[in-house]
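**Student:** Pasting target.txt below, which is compact mmCIF, C-alpha atoms and all ligand atoms.
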# COMPACT_ATOMS: atom_id res chain seq x y z
CA MET A 1 -26.88 8.89 18.06
CA SER A 2 -23.42 10.02 19.02
CA SER A 3 -21.59 8.71 22.05
CA SER A 4 -18.49 10.75 21.41
CA LYS A 5 -19.40 13.69 23.65
CA ASN A 6 -18.03 12.09 26.78
CA ASN A 7 -15.75 9.35 25.74
CA ASN A 8 -13.42 9.23 28.68
CA CYS A 9 -12.54 5.96 30.35
CA MET A 10 -10.85 4.83 33.52
CA ILE A 11 -7.63 2.91 32.95
CA LYS A 12 -4.90 1.53 35.15
CA ASP A 13 -1.34 2.47 34.26
CA GLU A 14 1.80 0.41 34.90
CA ASN A 15 1.94 1.52 38.54
CA ASN A 16 -1.66 0.42 38.97
CA THR A 17 -2.76 4.02 39.28
CA THR A 18 -6.21 4.70 37.90
CA LYS A 19 -6.44 7.63 35.57
CA ILE A 20 -8.92 9.03 33.12
CA GLU A 21 -8.01 8.91 29.50
CA ASN A 22 -9.77 10.38 26.53
CA ASN A 23 -10.59 7.62 24.11
CA ASP A 24 -11.79 9.74 21.19
CA GLU A 25 -8.51 9.57 19.32
CA ARG A 26 -8.31 5.79 19.56
CA GLN A 27 -11.94 5.16 18.75
CA PHE A 28 -11.89 7.35 15.67
CA TYR A 29 -8.42 6.45 14.43
CA LYS A 30 -8.44 6.36 10.70
CA PRO A 31 -5.10 5.72 9.05
CA THR A 32 -4.06 8.20 6.37
CA ILE A 33 -1.51 7.67 3.66
CA LYS A 34 2.00 9.03 4.19
CA TRP A 35 2.49 10.18 0.61
CA LEU A 36 6.26 10.59 0.79
CA ASP A 37 6.69 7.03 2.08
CA LEU A 38 4.24 5.68 -0.48
CA THR A 39 6.14 7.43 -3.28
CA ALA A 40 9.42 5.99 -1.97
CA GLN A 41 7.99 2.45 -1.93
CA ILE A 42 6.58 2.82 -5.45
CA PHE A 43 9.94 4.13 -6.68
CA ILE A 44 11.85 1.27 -5.03
CA HIS A 45 9.50 -1.45 -6.32
CA ALA A 46 8.94 -0.10 -9.84
CA GLY A 47 12.66 0.56 -10.18
CA ALA A 48 13.37 -2.98 -8.98
CA ILE A 49 11.31 -4.41 -11.85
CA TYR A 50 13.27 -2.25 -14.27
CA GLY A 51 16.51 -3.39 -12.60
CA LEU A 52 15.48 -7.03 -13.02
CA TYR A 53 14.79 -6.34 -16.71
CA LEU A 54 18.27 -4.80 -17.08
CA MET A 55 19.82 -7.86 -15.41
CA PHE A 56 18.48 -9.97 -18.27
CA ILE A 57 19.22 -7.72 -21.21
CA GLN A 58 22.17 -5.53 -20.32
CA ALA A 59 23.92 -5.97 -16.98
CA LYS A 60 27.18 -7.90 -16.72
CA LEU A 61 26.89 -11.25 -14.99
CA LEU A 62 29.25 -10.10 -12.26
CA THR A 63 26.90 -7.18 -11.50
CA SER A 64 24.01 -9.56 -10.87
CA PHE A 65 26.19 -11.74 -8.65
CA TRP A 66 27.26 -8.63 -6.79
CA ALA A 67 23.62 -7.62 -6.18
CA PHE A 68 22.82 -10.97 -4.56
CA PHE A 69 26.11 -11.00 -2.64
CA VAL A 70 25.22 -7.59 -1.17
CA VAL A 71 21.68 -8.79 -0.31
CA TYR A 72 23.05 -11.67 1.74
CA ALA A 73 26.11 -9.98 3.24
CA SER A 74 24.15 -6.92 4.36
CA GLY A 75 21.44 -9.27 5.66
CA PHE A 76 23.72 -10.22 8.56
CA GLY A 77 23.57 -6.57 9.64
CA ILE A 78 19.82 -7.01 10.08
CA THR A 79 19.72 -10.53 11.53
CA ALA A 80 22.86 -10.69 13.69
CA GLY A 81 22.96 -6.92 14.24
CA ALA A 82 19.76 -4.89 14.49
CA HIS A 83 17.70 -7.94 15.42
CA ARG A 84 19.54 -10.42 17.65
CA LEU A 85 22.17 -8.07 19.11
CA TRP A 86 20.57 -4.64 19.34
CA SER A 87 16.82 -5.35 19.60
CA HIS A 88 16.99 -8.40 21.85
CA ARG A 89 20.41 -8.25 23.55
CA ALA A 90 20.60 -12.00 22.91
CA TYR A 91 24.40 -11.81 22.96
CA LYS A 92 27.09 -9.18 23.40
CA ALA A 93 29.57 -7.98 20.80
CA LYS A 94 32.90 -6.17 21.04
CA TRP A 95 33.21 -2.90 19.14
CA PRO A 96 34.89 -4.24 15.98
CA LEU A 97 31.98 -6.64 15.43
CA ARG A 98 29.45 -3.92 16.23
CA LEU A 99 31.16 -1.70 13.67
CA ILE A 100 31.02 -4.43 11.02
CA LEU A 101 27.35 -5.07 11.82
CA ILE A 102 26.37 -1.43 11.69
CA ILE A 103 28.09 -1.00 8.31
CA LEU A 104 26.30 -4.08 6.94
CA PHE A 105 23.01 -2.91 8.42
CA THR A 106 23.40 0.53 6.86
CA ILE A 107 24.08 -1.06 3.46
CA SER A 108 20.74 -2.91 3.83
CA GLY A 109 19.01 0.49 4.11
CA GLN A 110 16.52 -0.41 6.85
CA LYS A 111 16.49 2.90 8.78
CA ASP A 112 18.86 3.41 11.72
CA VAL A 113 19.35 0.72 14.37
CA HIS A 114 17.81 2.88 17.10
CA ALA A 115 14.53 3.34 15.18
CA TRP A 116 14.48 -0.30 13.96
CA ALA A 117 15.02 -1.75 17.43
CA LEU A 118 12.40 0.55 18.95
CA ASP A 119 9.67 -0.69 16.60
CA HIS A 120 10.86 -4.27 16.98
CA ARG A 121 10.70 -4.15 20.76
CA VAL A 122 7.20 -2.65 20.56
CA HIS A 123 6.26 -5.42 18.10
CA HIS A 124 7.35 -8.16 20.51
CA LYS A 125 5.93 -6.59 23.63
CA TYR A 126 2.51 -5.75 22.19
CA SER A 127 2.30 -8.31 19.40
CA GLU A 128 -1.03 -8.58 17.56
CA THR A 129 -2.63 -5.60 19.28
CA ASP A 130 -3.28 -2.02 18.14
CA SER A 131 0.08 -1.17 19.73
CA ASP A 132 1.97 -3.49 17.37
CA PRO A 133 3.43 -1.33 14.55
CA HIS A 134 2.82 -4.11 11.99
CA ASN A 135 -0.11 -5.85 13.63
CA VAL A 136 -0.82 -8.91 11.48
CA LYS A 137 -4.46 -8.86 12.53
CA ARG A 138 -4.86 -5.96 10.10
CA GLY A 139 -4.02 -8.33 7.24
CA PHE A 140 -1.09 -9.54 5.16
CA PHE A 141 -0.57 -6.31 3.21
CA PHE A 142 -0.58 -4.10 6.31
CA ALA A 143 1.93 -6.34 8.15
CA HIS A 144 4.10 -6.63 5.03
CA VAL A 145 4.45 -3.02 3.87
CA GLY A 146 1.21 -1.13 4.59
CA TRP A 147 2.36 -0.11 8.05
CA LEU A 148 5.21 1.87 6.50
CA ILE A 149 2.95 3.96 4.29
CA LEU A 150 0.12 4.65 6.75
CA THR A 151 0.03 6.85 9.81
CA PRO A 152 0.47 4.67 12.92
CA HIS A 153 -2.25 3.81 15.40
CA PRO A 154 -2.15 6.21 18.40
CA ASP A 155 -1.39 3.23 20.66
CA VAL A 156 1.81 2.57 18.69
CA VAL A 157 2.88 6.19 19.13
CA GLU A 158 2.20 5.99 22.85
CA LYS A 159 3.90 2.64 23.40
CA ARG A 160 7.00 3.74 21.52
CA LYS A 161 7.53 6.34 24.28
CA ASN A 162 7.57 3.70 27.01
CA VAL A 163 10.09 1.21 25.65
CA ASP A 164 13.43 1.08 27.42
CA LEU A 165 16.22 2.04 25.00
CA LYS A 166 18.90 3.06 27.49
CA ASP A 167 21.21 0.31 26.28
CA LEU A 168 21.08 1.70 22.74
CA ASP A 169 21.50 5.28 23.94
CA ALA A 170 24.70 4.12 25.65
CA ASP A 171 26.09 2.40 22.55
CA GLN A 172 28.33 4.92 20.80
CA ILE A 173 28.30 3.00 17.52
CA VAL A 174 24.49 2.97 17.43
CA MET A 175 24.30 6.67 18.24
CA TRP A 176 26.98 7.48 15.66
CA GLN A 177 24.93 5.78 12.96
CA LYS A 178 21.75 7.51 14.14
CA ARG A 179 23.39 10.94 14.05
CA LEU A 180 24.91 10.46 10.60
CA TYR A 181 22.21 8.29 9.07
CA ILE A 182 21.48 10.40 5.98
CA PRO A 183 25.10 10.76 4.78
CA LEU A 184 25.77 7.12 5.70
CA PHE A 185 22.70 6.07 3.67
CA GLY A 186 24.07 8.00 0.67
CA LEU A 187 27.51 6.47 1.07
CA LEU A 188 26.71 2.87 2.05
CA THR A 189 23.16 2.14 0.85
CA ILE A 190 23.54 3.85 -2.53
CA GLY A 191 27.20 4.75 -3.15
CA LEU A 192 29.12 1.58 -2.32
CA PRO A 193 26.81 -1.01 -3.96
CA VAL A 194 26.33 1.12 -7.10
CA PHE A 195 29.86 2.44 -7.70
CA LEU A 196 31.89 -0.67 -6.94
CA PRO A 197 30.82 -2.48 -10.15
CA VAL A 198 31.43 0.74 -12.11
CA TYR A 199 34.94 1.05 -10.73
CA TYR A 200 36.05 -2.60 -10.80
CA TRP A 201 34.44 -4.06 -13.92
CA ASN A 202 33.25 -1.01 -15.84
CA GLU A 203 29.56 -1.57 -15.40
CA ASP A 204 27.41 1.17 -16.83
CA ILE A 205 26.36 3.48 -13.96
CA TRP A 206 22.71 3.65 -15.11
CA THR A 207 22.47 -0.16 -15.10
CA SER A 208 24.32 -0.46 -11.81
CA PHE A 209 21.96 1.98 -10.12
CA TRP A 210 18.74 0.13 -10.98
CA VAL A 211 20.26 -3.27 -10.25
CA ASN A 212 22.34 -2.50 -7.17
CA PHE A 213 20.17 0.13 -5.58
CA ASN A 214 16.54 -0.52 -6.52
CA PHE A 215 16.52 -4.25 -7.23
CA ARG A 216 18.98 -5.18 -4.48
CA PHE A 217 17.32 -2.90 -1.90
CA CYS A 218 13.85 -4.13 -2.85
CA VAL A 219 14.82 -7.80 -2.40
CA THR A 220 16.29 -7.09 1.05
CA LEU A 221 13.24 -5.07 2.09
CA ASN A 222 10.79 -7.77 1.05
CA MET A 223 12.77 -10.52 2.76
CA ALA A 224 12.49 -8.56 6.00
CA PHE A 225 8.81 -7.79 5.30
CA PHE A 226 8.01 -11.50 4.95
CA VAL A 227 9.04 -12.11 8.57
CA ASN A 228 6.30 -9.70 9.65
CA SER A 229 3.69 -11.03 7.22
CA ALA A 230 4.22 -14.66 6.10
CA ALA A 231 5.98 -15.79 9.29
CA HIS A 232 3.00 -14.46 11.25
CA MET A 233 0.50 -16.36 9.13
CA TRP A 234 1.66 -19.63 7.59
CA GLY A 235 3.41 -22.49 9.36
CA GLY A 236 3.30 -24.52 12.56
CA ARG A 237 3.11 -23.13 16.09
CA PRO A 238 4.79 -25.82 18.21
CA TYR A 239 5.79 -23.57 21.08
CA ASP A 240 2.63 -21.53 21.44
CA LYS A 241 -0.46 -22.10 19.38
CA ASN A 242 -2.20 -19.03 20.70
CA ILE A 243 0.06 -16.48 19.03
CA THR A 244 0.27 -15.69 15.31
CA PRO A 245 4.03 -16.22 14.68
CA THR A 246 4.88 -19.47 12.91
CA GLU A 247 7.80 -21.71 12.02
CA ASN A 248 8.22 -20.88 8.32
CA LEU A 249 10.93 -22.76 6.40
CA THR A 250 10.77 -20.64 3.24
CA VAL A 251 11.15 -17.40 5.19
CA SER A 252 14.00 -18.95 7.19
CA ILE A 253 15.94 -19.80 4.04
CA ALA A 254 15.35 -16.34 2.58
CA THR A 255 16.26 -14.47 5.75
CA LEU A 256 19.38 -16.30 6.96
CA GLY A 257 17.45 -18.14 9.68
CA GLU A 258 14.86 -15.64 10.90
CA GLY A 259 11.71 -17.57 9.97
CA TRP A 260 11.53 -19.72 13.11
CA HIS A 261 9.21 -17.09 14.39
CA ASN A 262 6.94 -19.01 16.77
CA TYR A 263 10.01 -20.03 18.77
CA HIS A 264 11.45 -16.54 18.52
CA HIS A 265 8.34 -14.85 19.93
CA VAL A 266 8.27 -17.32 22.82
CA PHE A 267 12.02 -17.05 23.55
CA PRO A 268 13.14 -13.68 22.09
CA TRP A 269 16.41 -13.64 24.06
CA ASP A 270 17.77 -16.80 22.37
CA TYR A 271 20.62 -15.70 20.07
CA LYS A 272 19.77 -18.60 17.71
CA THR A 273 16.14 -17.43 17.29
CA SER A 274 15.33 -21.13 16.90
CA GLU A 275 15.73 -24.51 18.48
CA LEU A 276 17.86 -25.79 15.58
CA GLY A 277 21.29 -27.10 16.38
CA ASP A 278 22.78 -26.95 12.88
CA TYR A 279 23.51 -23.92 10.74
CA SER A 280 22.08 -25.00 7.41
CA LEU A 281 18.74 -23.32 8.06
CA ASN A 282 20.11 -20.69 10.40
CA ILE A 283 23.25 -19.18 8.88
CA THR A 284 23.11 -16.19 11.21
CA THR A 285 23.76 -18.46 14.18
CA GLY A 286 26.87 -19.75 12.39
CA PHE A 287 27.93 -16.14 11.75
CA ILE A 288 27.62 -15.25 15.45
CA ASP A 289 29.35 -18.47 16.56
CA ALA A 290 32.25 -17.79 14.18
CA PHE A 291 32.79 -14.42 15.86
CA ALA A 292 32.38 -16.05 19.27
CA ASN A 293 35.34 -18.28 18.36
CA ILE A 294 37.59 -15.24 18.12
CA GLY A 295 36.03 -13.63 21.19
CA TRP A 296 34.20 -10.79 19.44
CA ALA A 297 30.77 -12.24 20.31
CA TYR A 298 30.12 -13.45 23.85
CA ASP A 299 27.43 -13.98 26.50
CA ARG A 300 25.24 -15.82 24.01
CA LYS A 301 21.88 -16.52 25.64
CA TYR A 302 19.97 -19.61 24.66
CA VAL A 303 17.23 -21.82 26.00
CA SER A 304 17.69 -25.25 27.54
CA SER A 305 15.78 -28.16 26.05
CA LYS A 306 14.10 -28.54 29.42
CA MET A 307 12.77 -25.03 29.28
CA ILE A 308 11.62 -25.45 25.68
CA LYS A 309 9.78 -28.64 26.54
CA HIS A 310 8.25 -27.07 29.60
CA ARG A 311 6.95 -24.16 27.53
CA ALA A 312 5.72 -26.31 24.70
CA THR A 313 3.57 -28.32 27.08
CA LYS A 314 2.04 -25.14 28.39
CA ASN A 315 1.25 -23.80 24.95
CA GLY A 316 -2.48 -23.80 25.51
CA ASP A 317 -2.06 -20.67 27.58
CA GLY A 318 -0.37 -18.25 25.21
CA SER A 319 -0.32 -15.30 27.60
CA TYR A 320 2.94 -16.43 29.17
CA ASN A 321 5.92 -14.36 28.06
CA LYS A 322 4.40 -13.12 24.85
CA ASN A 323 4.95 -9.58 26.03
CA ILE A 324 8.72 -9.80 26.30
CA TRP A 325 11.01 -7.86 23.99
CA GLY A 326 14.32 -9.58 24.89
CA TYR A 327 17.02 -10.09 27.51
CA GLY A 328 16.74 -7.60 30.35
CA ASP A 329 12.97 -7.17 30.06
CA LYS A 330 11.36 -6.73 33.46
CA ASP A 331 8.65 -9.24 32.57
CA ILE A 332 11.02 -12.24 32.34
CA THR A 333 10.07 -14.55 35.18
CA THR A 334 12.58 -15.13 37.99
CA GLU A 335 12.66 -18.83 37.12
CA ASP A 336 13.58 -18.16 33.49
CA HIS A 337 16.09 -15.49 34.44
CA GLN A 338 17.94 -17.70 36.93
CA GLU A 339 18.23 -20.49 34.39
CA LEU A 340 19.51 -18.07 31.77
CA GLU A 341 22.14 -16.63 34.09
CA LYS A 342 23.45 -20.12 34.78
CA MET A 343 23.85 -20.78 31.08
CA LEU A 344 25.86 -17.67 30.12
CA ASP A 345 29.15 -18.57 28.50
ZN ZN B 401 7.14 -11.09 14.81
ZN ZN B 402 12.58 -10.33 17.23
Do you think you could lay out the structure here as structure tokens?
Ligand SMILES: [Zn+2]
Ligand SMILES: [Zn+2]
**Tutor:**
Amino acid sequence: MSSSKNNNCMIKDENNTTKIENNDERQFYKPTIKWLDLTAQIFIHAGAIYGLYLMFIQAKLLTSFWAFFVVYASGFGITAGAHRLWSHRAYKAKWPLRLILIILFTISGQKDVHAWALDHRVHHKYSETDSDPHNVKRGFFFAHVGWLILTPHPDVVEKRKNVDLKDLDADQIVMWQKRLYIPLFGLLTIGLPVFLPVYYWNEDIWTSFWVNFNFRFCVTLNMAFFVNSAAHMWGGRPYDKNITPTENLTVSIATLGEGWHNYHHVFPWDYKTSELGDYSLNITTGFIDAFANIGWAYDRKYVSSKMIKHRATKNGDGSYNKNIWGYGDKDITTEDHQELEKMLD
């Protein structure tokens, strides 16, 4: 017996206005494979295995060092740039630092900042629901890479339209990268990492390509993927036990300090993305602080120990603040906001 004939439902929108919405699309959502994206992922991963093989039998030692150097250096473009600065507005940066970060981020090859931050804000605001682009409730593989090769849930498409991105639209460096993303990808994601070893130490271009494009790119991609998969599954949840994100040491080491994910989902505006005071397990915080010393990074937001303690004791609830994407979100409580304003440096 079909119930699809009249599948409309009454919902309340953000202004509390009741409207009728057709539910057919949601109810019968069946993801389909995006073949181009699947082919790209297969090419990157298969080529990475070949690149790893070449590192053992053919590549110069310096080329392998270079690949790992690029992985970590460009990683700051993701962690300090696209994530803490542009997605969460957890601190502010003067234009020279934003330029450095956007170049590093482009080398990492993770789409443009505007697109990355949009999905990341949706992820925080609607975490673990159908509206979350990499909803971990659909399993490890989906949260890790599956979401990139499948058509998104209609709720994701809809929620993407409602996220406030005015701050990014007003950032000329972000919009410059967005406009020129394809040539910049060619130049910085492929060209620079591959040709530098050829030019400076006569590496074979074939070897350099598989090592410094495929292998290097694949390592970076998977490090970022693990934050969405492993750091939403395995580890403690000291700040809120009712949400999936966890405190994951291994992911933190691999991602320059981005694995303290339970804390980060509870306090997404904290530029440290963790409670840790030292840099050994959070190198990105050291990176931002170093630029703060010369005045290029400023207005670093962080959370007082009182506020952390307060939240940790309330962790049975779980609904509190889990829908916040970062600093400036309308859902931050007045109490939290006033305390934050007092702490700005
Ligand atoms: Zn997350
Ligand atoms: Zn985040």
**Student:** With ligand ZN 402 (chain B) as the partner and 12 Å as the cut-off, tabulate the residues of chain A that qualify, each row holding the nearest pair of atoms and their distance in Å to one decimal, using only C-alpha atoms and all ligand atoms, sorted by chain and rising number, as a Markdown table.
**Tutor:**
| residue | atom | partner | partner_atom | distance |
| --- | --- | --- | --- | --- |
| A:Ile78 | CA | B:ZN402 | ZN | 10.7 |
| A:Thr79 | CA | B:ZN402 | ZN | 9.1 |
| A:Ala80 | CA | B:ZN402 | ZN | 10.9 |
| A:Gly81 | CA | B:ZN402 | ZN | 11.3 |
| A:Ala82 | CA | B:ZN402 | ZN | 9.4 |
| A:His83 | CA | B:ZN402 | ZN | 5.9 |
| A:Arg84 | CA | B:ZN402 | ZN | 7.0 |
| A:Leu85 | CA | B:ZN402 | ZN | 10.0 |
| A:Trp86 | CA | B:ZN402 | ZN | 10.0 |
| A:Ser87 | CA | B:ZN402 | ZN | 7.0 |
| A:His88 | CA | B:ZN402 | ZN | 6.7 |
| A:Arg89 | CA | B:ZN402 | ZN | 10.3 |
| A:Ala90 | CA | B:ZN402 | ZN | 10.0 |
| A:Trp116 | CA | B:ZN402 | ZN | 10.7 |
| A:Ala117 | CA | B:ZN402 | ZN | 8.9 |
| A:Leu118 | CA | B:ZN402 | ZN | 11.0 |
| A:Asp119 | CA | B:ZN402 | ZN | 10.1 |
| A:His120 | CA | B:ZN402 | ZN | 6.3 |
| A:Arg121 | CA | B:ZN402 | ZN | 7.4 |
| A:Val122 | CA | B:ZN402 | ZN | 10.0 |
| A:His123 | CA | B:ZN402 | ZN | 8.1 |
| A:His124 | CA | B:ZN402 | ZN | 6.5 |
| A:Lys125 | CA | B:ZN402 | ZN | 10.0 |
| A:Ser127 | CA | B:ZN402 | ZN | 10.7 |
| A:Ala224 | CA | B:ZN402 | ZN | 11.4 |
| A:Val227 | CA | B:ZN402 | ZN | 9.5 |
| A:Asn228 | CA | B:ZN402 | ZN | 9.9 |
| A:Ala231 | CA | B:ZN402 | ZN | 11.7 |
| A:Pro245 | CA | B:ZN402 | ZN | 10.7 |
| A:Gly257 | CA | B:ZN402 | ZN | 11.9 |
| A:Glu258 | CA | B:ZN402 | ZN | 8.6 |
| A:Gly259 | CA | B:ZN402 | ZN | 10.3 |
| A:Trp260 | CA | B:ZN402 | ZN | 10.3 |
| A:His261 | CA | B:ZN402 | ZN | 8.1 |
| A:Asn262 | CA | B:ZN402 | ZN | 10.4 |
| A:Tyr263 | CA | B:ZN402 | ZN | 10.2 |
| A:His264 | CA | B:ZN402 | ZN | 6.4 |
| A:His265 | CA | B:ZN402 | ZN | 6.8 |
| A:Val266 | CA | B:ZN402 | ZN | 9.9 |
| A:Phe267 | CA | B:ZN402 | ZN | 9.2 |
| A:Pro268 | CA | B:ZN402 | ZN | 5.9 |
| A:Trp269 | CA | B:ZN402 | ZN | 8.5 |
| A:Asp270 | CA | B:ZN402 | ZN | 9.8 |
| A:Tyr271 | CA | B:ZN402 | ZN | 10.1 |
| A:Lys272 | CA | B:ZN402 | ZN | 11.0 |
| A:Thr273 | CA | B:ZN402 | ZN | 7.9 |
| A:Ser274 | CA | B:ZN402 | ZN | 11.1 |
| A:Lys322 | CA | B:ZN402 | ZN | 11.5 |
| A:Asn323 | CA | B:ZN402 | ZN | 11.7 |
| A:Ile324 | CA | B:ZN402 | ZN | 9.9 |
| A:Trp325 | CA | B:ZN402 | ZN | 7.4 |
| A:Gly326 | CA | B:ZN402 | ZN | 7.9 |
| A:Tyr327 | CA | B:ZN402 | ZN | 11.2 |
**Student:** How far is it from atom CA of Ile100 of chain A to atom CA of Ala297 of chain A, in Å with one decimal?
**Tutor:**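 Going from atom CA of Ile100 of chain A over to atom CA of Ala297 of chain A, I get 12.1 Å.
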**Student:** Select, from A:Glu247, A:Asp169, A:Asp37, A:Asp112, the residue with the minimum atom-to-atom distance to ligand ZN 401 (chain B), counting only C-alpha atoms and all ligand atoms.
**Tutor:** A:Glu247
**Student:** Name all residues at most 10 Å from Lys137 of chain A (count only C-alpha atoms; drop same-chain ones fewer than 5 positions away) and give them as a ChimeraX atom specification.
**Tutor:** /A:127-130,132,142-143,229,232-233,244
**Student:** So how many Å separate atom CA of Asn242 of chain A and atom CA of Lys314 of chain A, to one decimal?
**Tutor:**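 According to the coordinates, atom CA of Asn242 of chain A and atom CA of Lys314 of chain A are separated by 10.7 Å.
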**Student:** Skip segment 181-192 of chain A itself and residues of its chain fewer than 2 positions away, then list as a PDB file with C-alpha atoms, keeping the file's coordinate frame all residues within 8 Å of it, counting all atoms listed in the file.
**Tutor:**
ATOM      1  CA  ILE A 103      28.090  -1.000   8.310  1.00  0.00           C
ATOM      2  CA  THR A 106      23.400   0.530   6.860  1.00  0.00           C
ATOM      3  CA  ILE A 107      24.080  -1.060   3.460  1.00  0.00           C
ATOM      4  CA  SER A 108      20.740  -2.910   3.830  1.00  0.00           C
ATOM      5  CA  GLY A 109      19.010   0.490   4.110  1.00  0.00           C
ATOM      6  CA  LYS A 111      16.490   2.900   8.780  1.00  0.00           C
ATOM      7  CA  ASP A 112      18.860   3.410  11.720  1.00  0.00           C
ATOM      8  CA  GLN A 177      24.930   5.780  12.960  1.00  0.00           C
ATOM      9  CA  LYS A 178      21.750   7.510  14.140  1.00  0.00           C
ATOM     10  CA  ARG A 179      23.390  10.940  14.050  1.00  0.00           C
ATOM     11  CA  VAL A 194      26.330   1.120  -7.100  1.00  0.00           C
ATOM     12  CA  PHE A 195      29.860   2.440  -7.700  1.00  0.00           C
ATOM     13  CA  LEU A 196      31.890  -0.670  -6.940  1.00  0.00           C
ATOM     14  CA  PHE A 209      21.960   1.980 -10.120  1.00  0.00           C
ATOM     15  CA  ASN A 212      22.340  -2.500  -7.170  1.00  0.00           C
ATOM     16  CA  PHE A 213      20.170   0.130  -5.580  1.00  0.00           C
TER      17      PHE A 213
END
**Student:** Grab the atom CA of Leu256 of chain A to atom CA of Leu281 of chain A distance for me, in Å with one decimal place.
**Tutor:**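 For atom CA of Leu256 of chain A relative to atom CA of Leu281 of chain A, the distance reads 7.1 Å.
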**Student:** Neighbouring residues of Leu38 of chain A were defined as those with any atom within 12 Å, considering all atoms listed in the file; residues of the same chain fewer than 6 positions away were excluded. Please report them as an NGL selection string.
**Tutor:** :A and (32 or 44-46 or 145-151)
**Student:** To box segment 130-133 of chain A, take all atoms listed in the file, fit an axis-aligned box, add 5 Å on each side, and give centre and edge lengths in Å to one decimal, as lines of an AutoDock Vina configuration file.
**Tutor:**
center_x = 0.1
center_y = -2.3
center_z = 17.1
size_x = 16.7
size_y = 12.3
size_z = 15.2
**Student:** Check the smallest atom-to-atom distance from each of A:Phe56, A:Tyr239, A:Phe226, A:Trp35 to ligand ZN 401 (chain B) using only C-alpha atoms and all ligand atoms, then report the winner.
**Tutor:**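 Distance minimum relative to ligand ZN 401 (chain B) lands on A:Phe226.
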**Student:** Using all atoms listed in the file, which residue out of A:Asp278, A:Ile205, A:Thr313, A:Phe225 lies closest to ligand ZN 401 (chain B)?
**Tutor:**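 Smallest distance to ligand ZN 401 (chain B) is found for A:Phe225.
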**Student:** Which of these residues is nearest to ligand ZN 401 (chain B), using only C-alpha atoms and all ligand atoms: A:Leu249, A:Gly139, A:Asp240, A:His134?
**Tutor:**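 For ligand ZN 401 (chain B), the nearest of the candidates is A:His134.
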**Student:** Rank A:Val219, A:Ile253, A:Ile243, A:Leu62 by their smallest atom-to-atom distance to ligand ZN 401 (chain B), using all atoms listed in the file, and report the top residue only.
**Tutor:** A:Ile243
**Student:** Given the choices A:Pro152, A:Pro133, A:Gly75, A:Gly328, which gets closest to ligand ZN 401 (chain B) if the distance is worked out from only C-alpha atoms and all ligand atoms?
**Tutor:** A:Pro133
